[in-house]
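Structure data follow from coords.txt (compact mmCIF, C-alpha atoms and all ligand atoms):
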```
# COMPACT_ATOMS: atom_id res chain seq x y z
CA MET F 1149 10.72 -13.63 -186.38
CA ASN F 1150 13.58 -15.37 -188.17
CA VAL F 1151 17.17 -14.14 -187.92
CA ILE F 1152 17.19 -12.54 -191.38
CA ASP F 1153 14.05 -10.46 -190.78
CA TRP F 1154 15.28 -9.53 -187.32
CA VAL F 1155 18.65 -8.24 -188.57
CA LYS F 1156 16.99 -6.45 -191.50
CA SER F 1157 14.66 -4.65 -189.09
CA MET F 1158 17.61 -3.34 -187.04
CA VAL F 1159 19.88 -1.86 -189.73
CA THR F 1160 19.86 0.74 -192.51
CA SER F 1161 19.57 -0.43 -196.12
CA GLU F 1162 23.19 0.58 -196.74
CA ARG F 1163 24.27 -1.61 -193.81
CA TRP F 1164 22.11 -4.48 -195.07
CA LYS F 1165 24.01 -4.36 -198.38
CA HIS F 1166 27.31 -4.64 -196.49
CA ILE F 1167 25.95 -7.48 -194.34
CA GLU F 1168 24.83 -9.49 -197.38
CA SER F 1169 28.23 -9.01 -198.90
CA VAL F 1170 30.01 -10.11 -195.69
CA ARG F 1171 27.80 -13.24 -195.59
CA LYS F 1172 28.77 -14.08 -199.16
CA MET F 1173 32.48 -13.58 -198.50
CA ALA F 1174 32.33 -15.48 -195.19
CA VAL F 1175 30.64 -18.45 -196.89
CA SER F 1176 33.25 -18.49 -199.69
CA LEU F 1177 36.07 -18.38 -197.16
CA ALA F 1178 34.40 -21.08 -195.06
CA SER F 1179 34.15 -23.33 -198.07
CA LYS F 1180 37.82 -22.72 -198.90
CA TRP F 1181 39.01 -23.31 -195.31
CA ASP F 1182 36.69 -26.19 -194.49
CA VAL F 1183 34.63 -24.35 -191.91
CA ASP F 1184 30.86 -24.89 -191.45
CA GLN F 1185 29.29 -22.63 -194.10
CA LYS F 1186 25.99 -22.25 -192.21
CA GLN F 1187 27.85 -20.96 -189.15
CA ALA F 1188 29.85 -18.55 -191.31
CA ASP F 1189 26.65 -17.32 -192.96
CA LEU F 1190 24.96 -16.83 -189.58
CA ALA F 1191 27.94 -15.01 -188.05
CA GLY F 1192 28.19 -12.74 -191.11
CA LEU F 1193 24.46 -12.05 -190.90
CA ILE F 1194 24.53 -11.10 -187.23
CA HIS F 1195 27.89 -9.33 -186.99
CA ASP F 1196 26.63 -5.76 -187.52
CA VAL F 1197 23.12 -6.09 -186.10
CA ALA F 1198 23.91 -3.39 -183.51
CA ARG F 1199 26.02 -1.21 -185.82
CA ASP F 1200 23.35 1.42 -186.39
CA PHE F 1201 22.46 1.89 -182.72
CA SER F 1202 23.17 5.31 -181.23
CA ASN F 1203 26.10 5.73 -178.84
CA ASP F 1204 23.64 6.24 -176.00
CA ASP F 1205 21.80 3.02 -176.80
CA LEU F 1206 25.06 1.07 -177.10
CA LEU F 1207 26.24 2.32 -173.70
CA LYS F 1208 22.85 1.69 -172.12
CA MET F 1209 22.63 -1.85 -173.46
CA ALA F 1210 26.24 -2.63 -172.61
CA ASN F 1211 25.43 -1.62 -169.05
CA GLU F 1212 22.32 -3.75 -169.04
CA PHE F 1213 24.23 -6.76 -170.37
CA ASP F 1214 27.09 -6.33 -167.87
CA ILE F 1215 29.63 -5.79 -170.64
CA VAL F 1216 32.81 -4.25 -169.26
CA ILE F 1217 32.98 -0.72 -170.68
CA ASP F 1218 36.67 0.09 -170.86
CA GLU F 1219 38.06 3.59 -171.42
CA PHE F 1220 38.31 2.91 -175.18
CA SER F 1221 34.65 1.94 -175.50
CA ARG F 1222 33.66 4.82 -173.27
CA GLN F 1223 35.40 7.14 -175.74
CA SER F 1224 34.17 5.33 -178.87
CA PRO F 1225 30.95 3.51 -177.95
CA ILE F 1226 30.75 2.20 -181.53
CA LEU F 1227 33.31 -0.41 -180.41
CA LEU F 1228 30.50 -1.92 -178.36
CA HIS F 1229 28.40 -2.93 -181.39
CA GLY F 1230 30.11 -6.34 -181.53
CA PRO F 1231 29.52 -7.33 -177.90
CA VAL F 1232 26.02 -5.80 -177.78
CA GLY F 1233 25.01 -7.47 -181.07
CA ALA F 1234 26.36 -10.85 -179.94
CA ILE F 1235 24.47 -10.77 -176.65
CA LEU F 1236 21.25 -9.47 -178.22
CA ALA F 1237 21.33 -12.27 -180.80
CA GLN F 1238 22.19 -14.85 -178.15
CA LYS F 1239 19.12 -13.84 -176.16
CA LYS F 1240 16.81 -14.32 -179.18
CA PHE F 1241 18.41 -17.25 -180.98
CA SER F 1242 20.70 -19.95 -179.77
CA LEU F 1243 24.19 -19.39 -181.13
CA THR F 1244 27.20 -21.67 -180.88
CA ARG F 1245 30.07 -20.31 -178.79
CA ASP F 1246 32.07 -19.90 -182.02
CA VAL F 1247 29.40 -17.79 -183.77
CA PHE F 1248 28.89 -15.76 -180.58
CA ASN F 1249 32.61 -15.01 -180.28
CA SER F 1250 32.94 -14.24 -184.00
CA VAL F 1251 30.32 -11.52 -183.62
CA TYR F 1252 31.53 -10.35 -180.20
CA TYR F 1253 35.13 -9.81 -181.30
CA HIS F 1254 34.70 -8.73 -184.93
CA THR F 1255 35.57 -5.07 -184.22
CA THR F 1256 38.73 -5.60 -182.21
CA GLY F 1257 39.89 -9.16 -182.82
CA TRP F 1258 41.45 -10.96 -179.84
CA LYS F 1259 44.04 -13.60 -179.16
CA ASN F 1260 43.93 -17.18 -180.45
CA MET F 1261 41.13 -16.59 -182.92
CA SER F 1262 39.32 -19.65 -184.30
CA PHE F 1263 38.96 -20.24 -188.05
CA LEU F 1264 35.41 -18.85 -187.94
CA GLU F 1265 36.50 -15.77 -185.98
CA LYS F 1266 39.27 -15.08 -188.48
CA ILE F 1267 36.89 -15.56 -191.39
CA VAL F 1268 34.31 -13.10 -190.04
CA TYR F 1269 36.98 -10.56 -189.07
CA ILE F 1270 38.56 -10.73 -192.52
CA ALA F 1271 35.31 -10.97 -194.55
CA ASP F 1272 34.10 -7.76 -192.87
CA LYS F 1273 37.12 -5.87 -194.26
CA ILE F 1274 37.41 -7.42 -197.73
CA GLU F 1275 33.77 -7.95 -198.81
CA ASP F 1276 33.09 -6.96 -202.43
CA ASN F 1277 31.87 -3.42 -201.67
CA ARG F 1278 35.17 -2.45 -199.99
CA THR F 1279 37.32 -0.35 -202.29
CA PHE F 1280 40.33 0.85 -200.25
CA PRO F 1281 43.77 0.68 -201.95
CA GLY F 1282 45.24 -2.82 -201.71
CA VAL F 1283 41.95 -4.60 -201.00
CA GLU F 1284 42.42 -6.93 -204.01
CA VAL F 1285 45.68 -8.23 -202.56
CA LEU F 1286 43.93 -8.94 -199.24
CA ARG F 1287 41.11 -10.75 -201.07
CA GLU F 1288 43.60 -12.97 -202.88
CA GLU F 1289 45.60 -13.66 -199.73
CA ALA F 1290 42.48 -14.68 -197.79
CA PHE F 1291 42.10 -17.65 -200.15
CA LEU F 1292 45.81 -18.53 -200.07
CA ASP F 1293 46.82 -18.19 -196.42
CA LEU F 1294 44.24 -17.18 -193.81
CA ASP F 1295 46.73 -16.23 -191.07
CA ARG F 1296 48.76 -14.13 -193.47
CA ALA F 1297 45.54 -12.41 -194.57
CA LEU F 1298 44.68 -11.76 -190.91
CA ILE F 1299 48.09 -10.19 -190.36
CA LEU F 1300 47.66 -7.96 -193.41
CA VAL F 1301 44.15 -6.89 -192.43
CA LEU F 1302 45.28 -6.15 -188.86
CA GLU F 1303 48.34 -4.31 -190.16
CA ASN F 1304 46.08 -2.21 -192.33
CA SER F 1305 43.83 -1.23 -189.49
CA LEU F 1306 46.73 -0.63 -187.07
CA ARG F 1307 48.47 1.61 -189.63
CA TYR F 1308 45.27 3.55 -190.12
CA GLN F 1309 44.80 4.09 -186.37
CA LEU F 1310 48.46 5.07 -185.98
CA SER F 1311 48.27 7.54 -188.87
CA LYS F 1312 45.43 9.29 -187.07
CA HIS F 1313 47.32 9.11 -183.75
CA ALA F 1314 44.28 7.25 -182.46
CA PRO F 1315 44.35 4.81 -179.55
CA ILE F 1316 44.70 1.09 -180.29
CA HIS F 1317 42.35 -1.22 -178.42
CA PRO F 1318 44.32 -3.68 -176.24
CA LEU F 1319 42.40 -6.62 -177.76
CA THR F 1320 43.64 -5.62 -181.22
CA ILE F 1321 47.21 -5.64 -179.91
CA GLU F 1322 46.51 -9.05 -178.39
CA ALA F 1323 45.22 -10.27 -181.75
CA TRP F 1324 48.30 -8.93 -183.52
CA ASN F 1325 50.78 -10.45 -181.04
CA SER F 1326 48.95 -13.74 -181.06
CA VAL F 1327 48.88 -14.16 -184.85
CA VAL F 1328 52.42 -12.93 -185.58
CA THR F 1329 53.83 -15.11 -182.81
CA HIS F 1330 52.09 -18.19 -184.18
CA MET F 1331 53.36 -17.46 -187.68
CA GLN F 1332 57.01 -17.58 -186.63
FE FE F 1401 31.03 -4.16 -187.33
FE FE F 1402 30.69 -5.04 -190.75
```
Transcribe the structure of this file into structure tokens.
Amino acid sequence: MNVIDWVKSMVTSERWKHIESVRKMAVSLASKWDVDQKQADLAGLIHDVARDFSNDDLLKMANEFDIVIDEFSRQSPILLHGPVGAILAQKKFSLTRDVFNSVYYHTTGWKNMSFLEKIVYIADKIEDNRTFPGVEVLREEAFLDLDRALILVLENSLRYQLSKHAPIHPLTIEAWNSVVTHMQ
């Protein structure tokens, strides 16, 4: 089975729409920022392959794959869809380290993200179906200054978590500190 059919068989049709849109945005950003477009397309395609798994399945597979299940993932197993998807895809297809990491870390971010990792992280939030207030500004910024766009996208998600008094994953804080420190 090829990667496209495999991903399609694992997700809902709504999710597939989102995935196609992330692929498109990731390829546009890759072309703008001189990143391999095939790798961006592949990472966009795979990123949410495990997104429609149940919490129980995510926890079970994370265990099987020896993924460290921290207290945050224990509370919100959906956080595991990046790591689980990356490892599942790696077992079936051979991925570059960069594509693997882009999928693995697309839910939390992490420090010192590569161009591809930033592109996938950002494309996921600004693809054409996203309609939250301010998304147009983020879309413009992503083609002007990738690091600034990453800061804005992270800021957005941090603000949202804070407004709900929800916990912030330590990797997201790492991502934030890493990108704002490099910008100074
Ligand atoms: Fe995701
Ligand atoms: Fe996504």
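Nearest residue to ligand FE 1402 (chain F) among F:Ser1169, F:Asn1150, F:Asn1249, F:Asn1203 is F:Ser1169, counting all atoms listed in the file.
Taking only C-alpha atoms, the non-local environment of Lys1180 in chain F within 10 Å (same-chain residues fewer than 5 positions away omitted) comprises Ala1174, Val1175, Gln1185, Ala1290, Phe1291, Leu1292 and Leu1294 of chain F.
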Give the residues close to ligand FE 1401 (chain F), within 9 Å, counting all atoms listed in the file; write them as a PDB file with C-alpha atoms, in the frame of the given file.
```
ATOM      1  CA  HIS F1195      27.890  -9.330-186.990  1.00  0.00           C
ATOM      2  CA  ASP F1196      26.630  -5.760-187.520  1.00  0.00           C
ATOM      3  CA  VAL F1197      23.120  -6.090-186.100  1.00  0.00           C
ATOM      4  CA  ALA F1198      23.910  -3.390-183.510  1.00  0.00           C
ATOM      5  CA  ARG F1199      26.020  -1.210-185.820  1.00  0.00           C
ATOM      6  CA  ILE F1226      30.750   2.200-181.530  1.00  0.00           C
ATOM      7  CA  LEU F1227      33.310  -0.410-180.410  1.00  0.00           C
ATOM      8  CA  HIS F1229      28.400  -2.930-181.390  1.00  0.00           C
ATOM      9  CA  GLY F1230      30.110  -6.340-181.530  1.00  0.00           C
ATOM     10  CA  VAL F1251      30.320 -11.520-183.620  1.00  0.00           C
ATOM     11  CA  HIS F1254      34.700  -8.730-184.930  1.00  0.00           C
ATOM     12  CA  THR F1255      35.570  -5.070-184.220  1.00  0.00           C
ATOM     13  CA  TYR F1269      36.980 -10.560-189.070  1.00  0.00           C
ATOM     14  CA  ASP F1272      34.100  -7.760-192.870  1.00  0.00           C
TER      15      ASP F1272
END
```
Report, in Å with one decimal, the straight-line distance from CA of Glu1303 in chain F to CA of Ile1270 in chain F.
11.9 Å
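Considering the residues F:Leu1243, F:Ile1217, F:Ile1194, F:Ile1235 and counting all atoms listed in the file, ligand FE 1402 (chain F) has its shortest atom-to-atom contact with F:Ile1194.
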Exercise: range 1319-1321 of chain F partners within 7 Å, all atoms listed in the file, chain neighbours under 3 positions left out, as a PyMOL selection string:
chain F and resi 1256-1258+1316+1324-1325
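Interatomic distance, CA of Val1268 in chain F against CA of Leu1193 in chain F: 9.9 Å.
The interatomic distance for the pair CA of Lys1165 in chain F and CA of Lys1273 in chain F works out to 13.8 Å.
Nearest residue to Pro1318 in chain F among F:Lys1186, F:Lys1172, F:Lys1259, F:Arg1245 is F:Lys1259, counting only C-alpha atoms.
When all atoms listed in the file are used to compute distances to Ser1161 in chain F, the closest of the residues F:Leu1310, F:Lys1208, F:Asp1200, F:Arg1287 turns out to be F:Asp1200.
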Of the listed residues F:Glu1265, F:Glu1219, F:Asp1182, F:Glu1275, that which approaches ligand FE 1402 (chain F) most closely, counting only C-alpha atoms and all ligand atoms:
F:Glu1275
